[in-house]
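Novice: Questions regarding the structure given below will be posed in turn.
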Amino acid sequence: MTQTTPSSTMSFVEIINGQPLERSAIPDLPLPQFQNAILDAVQDGHRVAALFGTPHQDPAKLNVYAVLADDRRSRFHAAGTSVSVDGFPSLTPRCPQAHLFEREIAEQYGVKPLGHPWLKPVRFHRSYRAGTDAWNRTATDVVQAGVMEFYQITGGQVHEVAVGPIHAGIIEPGHFRFQCDGETILHLEISLGYQHRGVERAMQGGPDHRSLHYAETLAGDTTIGHGCAYAHMLESLSHCRISPRAAAIRGIALELERLANHVGDLGALSGDVGFLPTASFCGRIRGDFLNMTAALCGSRFGRGLVRIGGVGFDVETTLAADLLKRLDVAEQESRGAITLLWETSSVMARFEGIGTVPKDTAAELGMVGPAARACGLDMDSRRDHPSGIYRFSHVPVSTWRGGDVFARAYVRWLEIQRSIQFVRDQLKTLPSGELRSAVAALQPNAFAVTMQEAWRGEVCHIALTDAQGRFERYKIVDPSFHNWMGVAMAVRGKQISDFPLCNKSFSLSYCGHDL
Amino acid sequence: MLHHVINILIHLALLLAMPPLLPGVINKTKAFFAGRKGPPLLQPYFDIFKLLRKGMVISSTTTWIFQAAPVVTLAATLLAGLLIPFGPFAAPIHFTGDLILFVYLFGLGRFFTTSAALDTGSSFEGMGAAREVTFACLSEAAVLLGLLVLVRLSGSFSLTPMLLAPLAHRPEAPVLLAAAGLFIVLLAENSRIPVDDPNTHLELTMIHEVMVLDNSGPLLGLIHYGAAMKLFVLSDLVLHLLVPFHIGVPAADWVLFIAEMLAMAGVIGVVESFMARLQLRHVPTLLAAASLLCGFGFVLMVR
């Protein structure tokens with residue numbers, strides 16, 4: 001809680017959202033010091049925004065970088081270390097936030113975090129490094145999604161329920177393995193990876209004309225979020241400053257994306273408990289918000305709006321006036337449809353006290369976004385690590401307490417109101433400026449972090465450029481990556497019939513996790 | 001004699017042809033309250049005819065039970081429909097003690113449906129079967145207690161005199177209490193909100209729908225048809241208690257009966273439009289309440 005740099009991260013270098021550093025400025029620490037610094041920093045309330053591997057010149061070693069988020073001081077702390085490819089002591093037993101990141105390192109580079117309590121594949125792809133992978137599979141062994149050792153509980157009343165990867169609804173593929181005692185969930189294991197496309201590797205050697213498209217399609221419902229994070233990365237690495245007008249239009253698009261998804265999710269939550277009025281109305285109002293995005297750029301999901309150096313489409317005065325009118329209608333209608341949820345006791349009976357994640361569990365897991373804010377964690381990268389328009393126009397952070405389905409729903413409703421206000425303010429006072437600024441070549445040998453608060457939580461992109469200014473490593477962390485474990489914790493000890501509702505209240509992305 | 005034959009023929013025709021109209025009305029009502037246009041009123045008929053023309057995929061792990069279940073269930077429901085009077089007209093079949101047969105015909109259907117669900121070996125279907133029989137234990141008690149009110153009122157052990165007895169009496173508290181209890185049973189037995197959600201695609205939350213996930217084609221068509229018929233028969237049961245009125249002219253009484261049936265479907269649609277589903281673990285409480293309502297009605301009768 002101090003305002004000075006904690007001594008623990010003294011060894012790490014400070015870095016600000018969108019301000020690149022020379023790679024030589026990133027300290028290369030000995031492993032014990034690196035890990036202890038992470039532990040101390042997490043103890044101090046920092047979060048692990050990213051922890052990832054990248055190849056070392058020495059084939060017997062692997063570089064590992066950590067980016068810690070210090071939300072109170074709007075800083076990131078970065079450092080690197082090198083570990084032996086034979087393995088390194090795992091951080092996870094002492095720092096649960098590192099759990100999935102270490103599994104990812106193990107899977108990508110075949111380097112085992114020794115003592116990791118839950119070392120299983122993340123996305124079920126082959127190791128990037130030649131030789132056997134972390135599970136001693138050779139290059140000829142079959143690697144199939146979902147094929148692994150699942151945790152099992154045995155006993156008289158215990159039964160196993162396997163859901164997915166093919167689901168009855170139109171959702172993405174993912175496998176959920178429940179260990180149940182009657183109707184009670186003893187344990188849920190989530191196995192994803194079915195949507196793995198290899199985006200991080202495809203970004204390497206870039207940027208090229210495909211890279212922005214990869215970013216926009218990382219998670220279809222977060223097109224603007226990932227698009228902005230990627231564009232911001234290129235702009236920061238080329239020291240390009242986008243015009244206030246372009247920044248404002250990006251902000252409008254990001255908030256419209258949030259509005260469409262939040263309204264859609266509240267409708268879906270209502271549908272999951274069989275409450276039709278809100279489900280039907282929100283489904284339609286979601287479309288209205290998507291259509292506003294379409295009015296901006298011709299795509300309901302915002303494809304093509306964010307361009308490197310600015311935006312691809314302007315908001316003329318007539319369009320702004322039209323959008324303001326549509327916003328008023330959508331606001332009034334969503335208020336009617338959504339307050340109906342809070343006023344219907346049978347809905348509240350389903351929302352309250354279901355799928356509770358305690359605040360300390362959320363913090364320990366490193367949860368982000370509305371799911372974390374619903375547990376009372378006061379964090380929002382629009383305020384904590386502002387970039388673009390959010391440096392000038394502030395959006396109040398919406399938190400709630402309880403960490404249950406109701407809190408996750410209610411935080412969304414609070415955010416809907418704040419976002420509508422924000423979009424309205426921006427449309428009324430659109431600054432002037434070029435739509436697109438020229439982008440120069442990228443800074444060589446640089447390390448940069450960009451972060452955006454997409455609707456689901458923070459989107460973090462990290463780039464390491466080589467001597468030619470190409471991407472040597474491009475690391476993407478989608479908010480879903482932080483939050484999937486939260487779903488498993490939310491349903492533990494709860495009724496299996498409430499799982500779909502809990503899952504929807506998180507509304508996580510499969511492809512954002514699978515990359 | 002002739003009018004008896006005509007009434008029986010109308011009874012049969014309605015029992016066979018009208019049931020799928022009820023879910024159609026429910027869906028229209030729900031769509032109205034949701035601000036949607038909704039599927040056509042006759043969509044359930046279209047669905048059943050479509051399914052009857054389709055091929056079937058039958059899991060190789062299943063036995064004859066799986067294929068027999070939809071047929072047995074439909075036959076049991078049809079037979080139950082012949083034991084119960086429609087409107088003020090006597091049932092085609094009635095004898096002393098037929099109320100027990102009536103209740104346990106549904107029990108037979110349930111036995112086969114749940115056995116077929118277990119037959120597939122799917123963990124979902126096993127879960128659904130467990131839920132179905134757990135809740136049935138409670139709803140069966142409510143139905144029997146509700147019928148006991150009528151036994152007391154009519155002094156008969158046959159459904160026709162029992163269900164026509166309220167016609168001769170003014171609406172009384174015990175009958176209305178039993179009607180309320182049986183209405184809850186009607187919702188539960190027909191997998192309606194607040195007990196089950198017939199529209200959900202979420203396997204883990206289903207009760208009835210999850211048991212028939214493996215069915216396809218004609219067998220699924222029979223299941224839909226049988227479910228609609230069960231809704232029809234149980235709605236008729238509740239209607240006798242809730243609106244014991246008749247005009248006295250047979251033709252007018254048949255029209256009144258059809259109108260009451262459609263209104264009942266409308267009421268179910270309204271309930272579904274204004275309520276969310278209960279948490280599954282609260283369903284037994286609701287069914288216990290149904291038993292209490294019927295039981296209290298019975299206590300009032302014997303006081």
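We name chains A, B, ... following the order of the structure tokens; residues begin at 1 in each chain, and ligands are numbered from 1 as shown.
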With a cut-off of 9 Å and counting only C-alpha atoms, select all residues of chain A in contact with chain B and give the selection as a PyMOL selection string.
Specialist: chain A and resi 159-163+167-169+182-183+270-281+344-350+495-500
Novice: Name all residues at most 12 Å from Val302 of chain B (count only C-alpha atoms; drop same-chain ones fewer than 4 positions away) and give them as a list in words.
Specialist: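 In the requested format, the answer is Leu148, Val149, Leu150, Val151, Arg152, Leu153, Gly155, Pro174, Gly295, Phe296, Gly297 and Phe298 of chain B.
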Novice: Dump N, CA and C atoms for the selected residues as a CSV table (one decimal), in the first residue's frame?
Specialist:
```csv
chain,number,residue,atom,x,y,z
B,148,LEU,N,-58.0,-37.5,-3.4
B,148,LEU,CA,-58.8,-37.9,-2.2
B,148,LEU,C,-59.8,-36.8,-1.8
B,149,VAL,N,-59.5,-35.6,-2.1
B,149,VAL,CA,-60.5,-34.5,-1.8
B,149,VAL,C,-61.8,-34.8,-2.6
B,150,LEU,N,-61.5,-35.2,-3.9
B,150,LEU,CA,-62.7,-35.4,-4.8
B,150,LEU,C,-63.4,-36.7,-4.4
B,151,VAL,N,-62.7,-37.7,-3.9
B,151,VAL,CA,-63.3,-38.9,-3.4
B,151,VAL,C,-64.3,-38.6,-2.3
B,152,ARG,N,-63.8,-37.8,-1.4
B,152,ARG,CA,-64.6,-37.4,-0.2
B,152,ARG,C,-65.8,-36.6,-0.7
B,153,LEU,N,-65.6,-35.7,-1.7
B,153,LEU,CA,-66.7,-34.8,-2.2
B,153,LEU,C,-67.8,-35.6,-2.9
B,155,GLY,N,-67.9,-39.2,-2.9
B,155,GLY,CA,-68.2,-40.5,-2.3
B,155,GLY,C,-68.0,-41.6,-3.3
B,174,PRO,N,-61.7,-26.5,-0.1
B,174,PRO,CA,-60.9,-27.7,-0.3
B,174,PRO,C,-60.6,-28.0,-1.8
B,295,GLY,N,-53.2,-31.8,0.7
B,295,GLY,CA,-53.4,-32.4,2.0
B,295,GLY,C,-54.3,-31.6,2.9
B,296,PHE,N,-54.0,-30.3,2.8
B,296,PHE,CA,-54.8,-29.4,3.7
B,296,PHE,C,-56.3,-29.4,3.2
B,297,GLY,N,-56.4,-29.4,1.9
B,297,GLY,CA,-57.8,-29.5,1.3
B,297,GLY,C,-58.5,-30.7,1.8
B,298,PHE,N,-57.7,-31.8,1.9
B,298,PHE,CA,-58.3,-33.1,2.3
B,298,PHE,C,-58.7,-33.0,3.8
```
Novice: If I take atom CA of Gly298 of chain A and atom CA of Ile171 of chain A, how far is one from the other in Å, to one decimal?
Specialist: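 Straight-line distance from atom CA of Gly298 of chain A to atom CA of Ile171 of chain A works out to 24.6 Å.
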Novice: Within 7 Å of Thr77 of chain B, counting only C-alpha atoms, which residues qualify if same-chain residues fewer than 2 places away don't, as a PyMOL selection string?
Specialist: chain B and resi 73-75+79-81+105-106+226+229-230
Novice: As a ChimeraX atom specification, please: the residues near Ala106 of chain A (cut-off 9 Å, only C-alpha atoms, same-chain neighbours under 4 positions excluded).
Specialist: /A:53,87,101-102,110-113,119-121,127,133-135
Novice: Need the shell around Val329 of chain A: protein/DNA/RNA residues with any atom at most 12 Å away, counting only C-alpha atoms. Skip same-chain ones fewer than 4 positions apart. Format as a list in words?
Specialist: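 Using only C-alpha atoms, the neighbours found are Ile285, Asp288, Phe289, Met292, Asp322, Leu323, Leu324, Lys325, Glu333, Ser334, Arg335, Gly336 and Ile420 of chain A.
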Novice: For C-alpha atoms, I'd like the residues from the last selection saved as an mmCIF file, in the first residue's frame.
Specialist:
```
data_model
loop_
_atom_site.group_PDB
_atom_site.id
_atom_site.type_symbol
_atom_site.label_atom_id
_atom_site.label_comp_id
_atom_site.auth_asym_id
_atom_site.auth_seq_id
_atom_site.Cartn_x
_atom_site.Cartn_y
_atom_site.Cartn_z
ATOM 1 C CA ILE A 285 -30.895 -4.364 -27.935
ATOM 2 C CA ASP A 288 -28.914 -2.234 -31.788
ATOM 3 C CA PHE A 289 -25.497 -1.625 -30.242
ATOM 4 C CA MET A 292 -24.151 1.367 -34.075
ATOM 5 C CA ASP A 322 -27.783 9.871 -35.475
ATOM 6 C CA LEU A 323 -25.767 7.747 -33.048
ATOM 7 C CA LEU A 324 -26.717 10.014 -30.150
ATOM 8 C CA LYS A 325 -30.371 9.512 -30.973
ATOM 9 C CA GLU A 333 -34.845 0.262 -23.583
ATOM 10 C CA SER A 334 -31.960 -1.478 -21.882
ATOM 11 C CA ARG A 335 -32.819 0.261 -18.614
ATOM 12 C CA GLY A 336 -36.354 -1.118 -18.854
ATOM 13 C CA ILE A 420 -23.350 4.970 -22.495
#
```
Novice: Would you list the contacts of Leu287 of chain B as a PDB file with N, CA and C atoms, in the first residue's frame, taking every protein, DNA or RNA residue within 9 Å and counting only C-alpha atoms, but skipping same-chain residues closer than 6 positions in sequence?
Specialist:
```
ATOM      1  N   PHE B 135     -38.388 -36.133  -8.098  1.00  0.00           N
ATOM      2  CA  PHE B 135     -39.486 -35.171  -8.057  1.00  0.00           C
ATOM      3  C   PHE B 135     -40.841 -35.881  -8.187  1.00  0.00           C
ATOM      4  N   LEU B 138     -42.602 -36.876  -5.008  1.00  0.00           N
ATOM      5  CA  LEU B 138     -43.322 -35.802  -4.325  1.00  0.00           C
ATOM      6  C   LEU B 138     -44.602 -35.434  -5.059  1.00  0.00           C
ATOM      7  N   SER B 139     -44.544 -35.428  -6.413  1.00  0.00           N
ATOM      8  CA  SER B 139     -45.747 -34.979  -7.119  1.00  0.00           C
ATOM      9  C   SER B 139     -46.836 -36.051  -7.080  1.00  0.00           C
ATOM     10  N   ALA B 142     -48.909 -35.531  -4.094  1.00  0.00           N
ATOM     11  CA  ALA B 142     -49.820 -34.399  -4.248  1.00  0.00           C
ATOM     12  C   ALA B 142     -51.049 -34.809  -5.064  1.00  0.00           C
ATOM     13  N   GLY B 181     -52.784 -27.046  -5.788  1.00  0.00           N
ATOM     14  CA  GLY B 181     -51.746 -28.071  -5.674  1.00  0.00           C
ATOM     15  C   GLY B 181     -51.567 -28.819  -6.982  1.00  0.00           C
ATOM     16  N   ILE B 184     -49.644 -26.905  -9.657  1.00  0.00           N
ATOM     17  CA  ILE B 184     -48.185 -27.000  -9.484  1.00  0.00           C
ATOM     18  C   ILE B 184     -47.689 -28.327 -10.056  1.00  0.00           C
ATOM     19  N   VAL B 185     -48.439 -29.402  -9.761  1.00  0.00           N
ATOM     20  CA  VAL B 185     -48.058 -30.712 -10.287  1.00  0.00           C
ATOM     21  C   VAL B 185     -48.096 -30.692 -11.821  1.00  0.00           C
ATOM     22  N   ALA B 188     -44.979 -29.149 -13.002  1.00  0.00           N
ATOM     23  CA  ALA B 188     -43.812 -29.999 -12.755  1.00  0.00           C
ATOM     24  C   ALA B 188     -43.806 -31.203 -13.689  1.00  0.00           C
TER      25      ALA B 188
END
```
Novice: State, in Å with one decimal place, the distance from atom CA of Pro117 of chain A to atom CA of His482 of chain A.
Specialist: 17.5 Å
Novice: Using only C-alpha atoms, can you tell me which of B:Ala251, B:Ala265, B:Leu145, B:Ala13 comes closest to Val299 of chain B?
Specialist: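 Among the listed residues, the smallest separation from Val299 of chain B belongs to B:Leu145.
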Novice: Please provide the set of residues having any atom within 9 Å of Ser507 of chain A, restricted to only C-alpha atoms, with same-chain residues fewer than 3 positions apart removed, written as a PyMOL selection string.
Specialist: chain A and resi 265+456+480+502-504
Novice: Measuring atom to atom with only C-alpha atoms, identify which of A:Asn483, A:Ser243, A:Thr293, A:Thr339 is nearest to Arg326 of chain A.
Specialist: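 The closest residue to Arg326 of chain A is A:Thr293.
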Novice: Report, in Å with one decimal, the straight-line distance from atom CA of Asp514 of chain A to atom CA of Val477 of chain A.
Specialist: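 Straight-line distance from atom CA of Asp514 of chain A to atom CA of Val477 of chain A works out to 10.2 Å.
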Novice: When distances are computed from only C-alpha atoms, which of B:Leu163, B:Ala17, B:Val133, B:Leu219 shows the smallest separation from Val57 of chain B?
Specialist: B:Leu219
Novice: I need the residue nearest Ile224 of chain A from this list: A:Thr138, A:Ser299, A:Gln468, A:Gln332. Use only C-alpha atoms for the distance.
Specialist: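 Looking only at the distances to Ile224 of chain A, the closest residue turns out to be A:Ser299.
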Novice: Have a look at B:Ala290, B:Leu222, B:Ala259, B:Leu83 and name the one nearest to Val243 of chain B; count only C-alpha atoms.
Specialist: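 The answer is B:Ala259, which sits nearest to Val243 of chain B.
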Novice: Tell me which of B:Leu21, B:Ile93, B:Cys294, B:Val71 sits closest to Ile8 of chain B, counting only C-alpha atoms.
Specialist: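 The closest residue to Ile8 of chain B is B:Ile93.
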Novice: Please return as a ChimeraX atom specification: the residues of segment 87-195 of chain A that backbone DSSP assigns to alpha helix (DSSP H).
Specialist: /A:99-109
